[in-house]
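A.B. asks: Just one file: entry_19.cif, with mmCIF, C-alpha atoms and all ligand atoms.
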```cif
data_coords
#
loop_
_atom_site.label_atom_id
_atom_site.label_comp_id
_atom_site.auth_asym_id
_atom_site.auth_seq_id
_atom_site.Cartn_x
_atom_site.Cartn_y
_atom_site.Cartn_z
CA MET A 886 87.70 108.01 109.01
CA THR A 887 89.33 106.25 106.05
CA THR A 888 92.54 104.42 106.92
CA THR A 889 95.54 104.04 104.62
CA PRO A 890 98.14 101.32 105.11
CA ASP A 891 101.47 102.41 106.55
CA LEU A 892 104.27 101.04 104.39
CA THR A 893 106.13 99.07 107.05
CA PRO A 894 106.02 95.36 106.15
CA TRP A 895 103.71 93.53 108.53
CA ILE A 896 103.46 90.19 106.79
CA THR A 897 106.85 89.06 105.48
CA LEU A 898 107.73 85.90 103.61
CA GLN A 899 111.39 85.44 102.73
CA GLY A 900 112.68 82.55 100.66
CA VAL A 901 109.68 80.40 101.58
CA ARG A 902 109.89 76.84 100.31
CA LYS A 903 106.94 74.47 100.30
CA GLY A 904 106.37 71.18 98.57
CA PHE A 905 104.14 68.13 98.87
CA ARG A 906 105.33 64.58 99.04
CA ILE A 907 103.71 62.34 96.49
CA GLY A 908 105.01 58.79 96.83
CA THR A 909 108.79 59.02 97.03
CA GLU A 910 108.97 62.42 95.34
CA THR A 911 108.48 65.94 96.67
CA VAL A 912 106.67 68.19 94.21
CA PRO A 913 107.67 71.81 94.88
CA VAL A 914 105.01 74.54 94.96
CA PHE A 915 107.27 77.36 96.22
CA SER A 916 111.06 77.32 95.96
CA GLY A 917 111.87 80.75 97.39
CA LEU A 918 108.77 82.89 97.64
CA ASP A 919 109.15 86.48 98.85
CA LEU A 920 106.23 88.69 99.82
CA THR A 921 105.66 91.74 101.97
CA ILE A 922 102.28 93.14 102.95
CA PRO A 923 101.99 96.28 105.07
CA ARG A 924 99.42 96.53 107.86
CA GLY A 925 96.13 97.89 106.57
CA ASP A 926 96.63 96.59 103.03
CA PHE A 927 93.95 94.75 101.01
CA VAL A 928 95.66 92.32 98.65
CA ALA A 929 93.99 90.12 96.04
CA ILE A 930 95.93 86.98 95.14
CA MET A 931 95.15 85.61 91.69
CA GLY A 932 96.67 82.84 89.62
CA PRO A 933 95.87 79.71 87.65
CA SER A 934 94.52 76.59 89.29
CA GLY A 935 97.34 74.73 91.01
CA SER A 936 99.61 77.81 91.26
CA GLY A 937 99.68 77.64 95.05
CA LYS A 938 97.07 80.16 96.22
CA SER A 939 95.51 77.86 98.82
CA THR A 940 98.95 76.66 99.89
CA LEU A 941 99.94 80.28 100.54
CA LEU A 942 96.71 81.04 102.41
CA ASN A 943 97.12 77.91 104.56
CA MET A 944 100.64 79.02 105.52
CA LEU A 945 99.45 82.55 106.34
CA ALA A 946 96.67 81.00 108.46
CA GLY A 947 99.20 78.84 110.29
CA ILE A 948 97.27 75.74 109.18
CA ASP A 949 100.33 74.59 107.27
CA SER A 950 103.99 75.38 107.79
CA PRO A 951 106.75 76.27 105.28
CA ASP A 952 109.48 73.68 104.65
CA GLY A 953 112.05 76.49 104.71
CA GLY A 954 112.46 80.25 104.73
CA THR A 955 110.80 82.69 107.11
CA LEU A 956 107.15 83.68 107.55
CA GLN A 957 106.50 86.52 109.94
CA ILE A 958 103.22 88.26 110.80
CA GLY A 959 103.54 91.21 113.14
CA GLY A 960 106.20 90.11 115.61
CA ALA A 961 105.34 86.40 115.32
CA ARG A 962 107.57 83.94 113.46
CA LEU A 963 104.97 81.41 112.26
CA ASP A 964 107.60 79.25 110.57
CA SER A 965 109.27 78.37 113.85
CA MET A 966 106.09 77.77 115.88
CA GLY A 967 104.71 74.33 116.61
CA GLU A 968 101.20 73.36 115.53
CA SER A 969 99.45 74.18 118.81
CA ALA A 970 101.19 77.57 119.12
CA ARG A 971 100.09 78.33 115.56
CA SER A 972 96.46 77.47 116.26
CA ALA A 973 96.47 79.60 119.43
CA TRP A 974 98.01 82.42 117.43
CA ARG A 975 95.36 81.97 114.73
CA ALA A 976 92.51 82.14 117.26
CA HIS A 977 93.76 85.49 118.55
CA ASN A 978 94.98 87.23 115.45
CA MET A 979 92.99 86.31 112.38
CA GLY A 980 89.59 85.59 110.95
CA ILE A 981 89.00 83.37 107.95
CA VAL A 982 86.21 83.74 105.37
CA PHE A 983 85.52 80.62 103.30
CA GLN A 984 84.05 80.15 99.81
CA PHE A 985 81.22 77.92 101.05
CA TYR A 986 80.73 79.85 104.33
CA ASN A 987 81.44 76.81 106.59
CA LEU A 988 78.49 77.66 108.85
CA LEU A 989 77.14 74.98 111.17
CA PRO A 990 73.58 74.25 109.95
CA MET A 991 72.20 73.25 113.36
CA LEU A 992 73.15 76.62 114.87
CA THR A 993 71.44 79.97 114.26
CA ALA A 994 73.29 82.82 112.57
CA ALA A 995 74.01 84.39 115.98
CA GLU A 996 75.23 81.10 117.45
CA ASN A 997 77.56 80.61 114.48
CA VAL A 998 78.98 84.11 114.98
CA GLU A 999 79.35 83.51 118.72
CA LEU A 1000 81.49 80.35 118.30
CA PRO A 1001 84.98 81.98 118.22
CA LEU A 1002 84.09 83.95 121.37
CA LEU A 1003 83.39 80.76 123.33
CA LEU A 1004 87.16 80.17 123.43
CA LYS A 1005 87.64 83.47 125.26
CA PRO A 1006 86.95 84.46 128.85
CA ILE A 1007 84.02 86.75 128.04
CA ALA A 1008 80.77 86.87 130.04
CA ALA A 1009 77.66 85.56 128.21
CA GLY A 1010 75.96 88.98 128.17
CA ASP A 1011 79.03 90.68 126.69
CA ARG A 1012 79.34 87.88 124.14
CA ARG A 1013 75.77 88.35 122.96
CA ALA A 1014 76.19 92.13 122.77
CA ARG A 1015 79.31 91.70 120.66
CA VAL A 1016 77.48 89.25 118.35
CA GLU A 1017 74.59 91.67 117.89
CA LYS A 1018 77.01 94.49 117.11
CA VAL A 1019 78.85 92.58 114.37
CA LEU A 1020 75.60 91.26 112.87
CA GLU A 1021 74.48 94.87 112.64
CA LEU A 1022 77.82 95.84 111.08
CA VAL A 1023 77.34 93.30 108.26
CA GLY A 1024 73.76 94.41 107.65
CA LEU A 1025 72.02 91.52 109.43
CA ALA A 1026 70.55 93.31 112.44
CA GLY A 1027 67.60 91.31 113.77
CA ARG A 1028 68.47 88.19 111.71
CA GLY A 1029 70.45 86.43 114.41
CA ARG A 1030 67.76 83.82 115.15
CA GLN A 1031 67.57 82.64 111.56
CA TYR A 1032 69.16 79.34 110.53
CA PRO A 1033 71.70 79.44 107.66
CA ALA A 1034 69.57 77.18 105.43
CA LEU A 1035 66.87 79.88 105.32
CA MET A 1036 69.32 82.60 104.26
CA SER A 1037 70.56 83.53 100.78
CA GLY A 1038 74.18 82.83 99.83
CA GLY A 1039 75.02 86.51 100.25
CA GLN A 1040 73.46 86.59 103.72
CA GLN A 1041 75.28 83.40 104.72
CA GLN A 1042 78.56 84.92 103.62
CA ARG A 1043 77.78 87.99 105.73
CA VAL A 1044 77.34 85.66 108.70
CA GLY A 1045 80.70 84.12 107.74
CA ILE A 1046 82.28 87.59 107.74
CA ALA A 1047 80.64 88.45 111.08
CA ARG A 1048 82.08 85.24 112.58
CA ALA A 1049 85.52 86.14 111.16
CA ILE A 1050 85.55 89.62 112.72
CA VAL A 1051 83.77 88.96 116.01
CA THR A 1052 87.08 88.58 117.88
CA ASP A 1053 88.31 91.83 116.27
CA PRO A 1054 91.35 90.30 114.54
CA ALA A 1055 93.85 92.52 112.70
CA LEU A 1056 94.02 90.12 109.74
CA LEU A 1057 91.29 88.65 107.53
CA LEU A 1058 92.10 85.80 105.16
CA CYS A 1059 89.46 85.26 102.50
CA ASP A 1060 89.45 82.14 100.34
CA GLU A 1061 87.32 82.81 97.24
CA PRO A 1062 84.76 84.71 99.36
CA THR A 1063 82.52 85.42 96.36
CA GLY A 1064 83.08 82.16 94.47
CA ASP A 1065 79.60 80.85 95.30
CA LEU A 1066 77.68 84.10 94.83
CA ASP A 1067 75.82 85.88 92.03
CA ARG A 1068 77.29 89.22 90.88
CA LYS A 1069 75.05 91.43 93.05
CA SER A 1070 75.65 89.44 96.25
CA ALA A 1071 79.35 89.21 95.37
CA ASP A 1072 79.59 92.99 95.00
CA ASP A 1073 77.80 93.49 98.34
CA VAL A 1074 80.27 91.16 100.07
CA LEU A 1075 83.21 92.91 98.38
CA ASP A 1076 81.88 96.33 99.47
CA MET A 1077 81.72 94.91 102.99
CA LEU A 1078 85.35 93.75 102.81
CA ARG A 1079 86.39 97.12 101.44
CA PHE A 1080 84.60 98.83 104.34
CA LEU A 1081 86.39 96.58 106.84
CA ASN A 1082 89.70 97.50 105.23
CA ARG A 1083 89.18 101.22 104.68
CA GLU A 1084 87.16 102.12 107.75
CA LEU A 1085 88.24 99.58 110.36
CA GLY A 1086 91.83 99.14 109.16
CA LYS A 1087 91.68 95.35 108.77
CA THR A 1088 94.48 93.87 106.72
CA ILE A 1089 92.91 91.59 104.11
CA VAL A 1090 94.43 88.88 101.95
CA MET A 1091 91.87 87.54 99.48
CA VAL A 1092 92.34 84.67 97.05
CA THR A 1093 90.07 85.03 94.05
CA HIS A 1094 89.58 83.85 90.49
CA ASP A 1095 87.33 86.82 89.73
CA PRO A 1096 89.12 89.83 88.17
CA GLN A 1097 86.20 92.08 89.15
CA ALA A 1098 86.52 91.00 92.78
CA ALA A 1099 90.21 91.87 92.63
CA THR A 1100 89.42 95.45 91.64
CA HIS A 1101 88.01 96.00 95.15
CA ALA A 1102 91.46 95.34 96.63
CA ARG A 1103 94.20 97.95 96.92
CA ARG A 1104 96.52 95.75 94.84
CA THR A 1105 96.56 92.45 93.01
CA LEU A 1106 99.37 89.91 93.03
CA HIS A 1107 99.47 87.26 90.33
CA LEU A 1108 100.93 83.94 91.34
CA ASP A 1109 102.44 81.80 88.60
CA LYS A 1110 104.99 78.98 88.74
CA GLY A 1111 105.70 79.64 92.41
CA GLN A 1112 106.40 83.36 92.09
CA PHE A 1113 104.47 86.60 92.01
CA VAL A 1114 104.92 87.61 88.39
CA GLU A 1115 102.95 90.82 88.22
CA GLU A 1116 101.77 93.45 90.63
CA ARG A 1117 99.21 96.05 89.82
CA LYS A 1118 98.42 98.93 92.10
CA ALA A 1119 94.71 99.69 92.24
CA ALA A 1120 93.88 103.22 91.17
N1 LIG B 1201 97.90 68.13 100.49
C1 LIG B 1201 98.48 68.08 99.29
N2 LIG B 1201 99.12 66.96 98.86
C2 LIG B 1201 99.71 66.91 97.65
N3 LIG B 1201 99.74 67.95 96.78
C3 LIG B 1201 99.12 69.08 97.14
C4 LIG B 1201 98.45 69.20 98.40
N4 LIG B 1201 97.92 70.47 98.47
C5 LIG B 1201 98.24 71.07 97.31
N5 LIG B 1201 98.95 70.24 96.51
C6 LIG B 1201 99.51 70.58 95.18
O1 LIG B 1201 100.15 71.83 95.29
C7 LIG B 1201 99.90 72.61 94.13
C8 LIG B 1201 99.24 73.94 94.56
O2 LIG B 1201 97.93 73.65 95.05
P1 LIG B 1201 96.95 74.79 95.60
O3 LIG B 1201 95.72 74.10 96.09
O4 LIG B 1201 97.69 75.65 96.55
O5 LIG B 1201 96.65 75.60 94.26
P2 LIG B 1201 95.56 76.73 94.00
O6 LIG B 1201 96.26 77.83 93.26
O7 LIG B 1201 94.90 77.10 95.28
O8 LIG B 1201 94.54 75.98 93.05
P3 LIG B 1201 92.94 76.24 92.83
O9 LIG B 1201 92.80 77.57 92.18
O10 LIG B 1201 92.56 75.12 91.91
O11 LIG B 1201 92.29 76.15 94.18
C9 LIG B 1201 99.03 71.78 93.21
O12 LIG B 1201 99.89 71.16 92.27
C10 LIG B 1201 98.41 70.77 94.13
O13 LIG B 1201 98.16 69.56 93.45
#
```
In structure tokens, how does this file's structure come out?
C.D. replies:
Amino acid sequence: MTTTPDLTPWITLQGVRKGFRIGTETVPVFSGLDLTIPRGDFVAIMGPSGSGKSTLLNMLAGIDSPDGGTLQIGGARLDSMGESARSAWRAHNMGIVFQFYNLLPMLTAAENVELPLLLKPIAAGDRRARVEKVLELVGLAGRGRQYPALMSGGQQQRVGIARAIVTDPALLLCDEPTGDLDRKSADDVLDMLRFLNRELGKTIVMVTHDPQAATHARRTLHLDKGQFVEERKAA
């Protein structure tokens, strides 16, 4: 079954302000950012260095909080939550895929994938079954005992994706997920993300510098000077 996003906004940013204090001054990054993303969408965020892509992703992840405005995901108002509520919310509702994988080198692929499940009341046998299932889903069946250092970049990123989806979150945030990969491995990872979006209905927000990576998304938003200046619907 191929899923299509319904058009009801699921992620909503309204008038979001965010700046960073440098010495006595606050340098604004966003002075009234609006954004809506429906559930089931796959959005690529592009923009020049320093335009605020990571700042946006950190706010969506609940790692950082807006200075003003509203940020809502599903029914949750992230802007009015405290830090610990945001991290609990994050653990239950989203997975994050990083540019440099962020795998722990002393753990096997399967142990890395298992980590987010350790925070949940799941029996060890069920945990391992779930890990095996997601490793299979990302094309790494039987590779669970391997250590990350012995895997290619593309395989390590697949482990990163497996770890991000093992708790079955509705939202995946991807920060330059192909930035460290050659074209072939990048395309494999992008096909994987597209599968997760189209077939499993995951909502995906992906920051990327790579225009070809962006073509895998349903739409691309260009961030410049604190605003989205262009929106292109994928064919
Ligand atoms: N912790 C911080 N303290 C001070 N300034 C910051 C901080 N984080 C980001 N900034 C500033 O905010 C602006 C946006 O940074 P951000 O990292 O979000 O941009 P970006 O679009 O992700 O850039 P890149 O493509 O280079 O990763 C930049 O001017 C940056 O210097």
A.B. asks: Can you pull out every residue within 12 Å of A:Thr893, counting all atoms listed in the file, but drop anything in the same chain fewer than 3 positions away, and send it as a ChimeraX atom specification?
C.D. replies: /A:889-890,896-897,921-926,958-959
A.B. asks: Please return as a ChimeraX atom specification the residues found within 12 Å of ligand LIG 1201 (chain B), counting all atoms listed in the file.
C.D. replies: /A:903-908,910-915,930-944,948-950,984,1060-1061,1064,1091-1095,1107-1112
A.B. asks: Go through A:Ile981, A:Ala994, A:Ala973, A:Leu963 one by one, measure the shortest atom-to-atom distance of each to A:Ala1034 using all atoms listed in the file, and give the residue with the smallest value.
C.D. replies: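 Residue with the minimum atom-to-atom distance to A:Ala1034: A:Ala994.
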A.B. asks: Considering all atoms listed in the file, return as JSON, numbers by chain whatever protein or nucleic-acid residues lie within 12 Å of A:Glu996, sequence-local ones (same chain, fewer than 4 positions apart) excluded.
C.D. replies: {"A": [988, 989, 990, 991, 992, 1000, 1001, 1002, 1003, 1009, 1012, 1013, 1015, 1016, 1017, 1020, 1028, 1029, 1030, 1031, 1032, 1033, 1044, 1045, 1047, 1048, 1051]}
A.B. asks: One decimal, Å: what's the distance from atom CA of A:Arg1079 over to atom CA of A:Phe1113, could you say?
C.D. replies: 22.9 Å
A.B. asks: Using all atoms listed in the file, can you tell me which of A:Arg975, A:Arg1083, A:Lys1069, A:Arg1104 comes closest to A:Gly947?
C.D. replies: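 Residue with the minimum atom-to-atom distance to A:Gly947: A:Arg975.
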A.B. asks: Using all atoms listed in the file, determine which residues lie at most 7 Å from A:Arg1043, disregarding the query and same-chain residues fewer than 3 positions distant; provide the list as a ChimeraX atom specification.
C.D. replies: /A:1023,1039-1040,1046-1047,1074
A.B. asks: Between A:Met979, A:Ala1026, A:Leu898, A:Met1036, single out the one closest to A:Arg962, counting all atoms listed in the file.
C.D. replies: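 Of all the options, A:Leu898 lies closest to A:Arg962.
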A.B. asks: Between A:Leu1035, A:Gly967, A:Arg902, A:Leu1075, which is the closest to A:Thr1100 once you count all atoms listed in the file?
C.D. replies: A:Leu1075
A.B. asks: What's around A:Phe985 at 7 Å? Count only C-alpha atoms, leave out sequence neighbours fewer than 2 positions away in its own chain, and write the answer as a list in words.
C.D. replies: Phe983, Asn987 and Asp1065 of chain A
A.B. asks: Given only C-alpha atoms as the basis, pick out the residue of A:Arg971, A:Lys1087, A:Arg1068, A:His1101 nearest to A:Leu1056.
C.D. replies: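 Ranking A:Arg971, A:Lys1087, A:Arg1068, A:His1101 by distance to A:Leu1056, first place goes to A:Lys1087.
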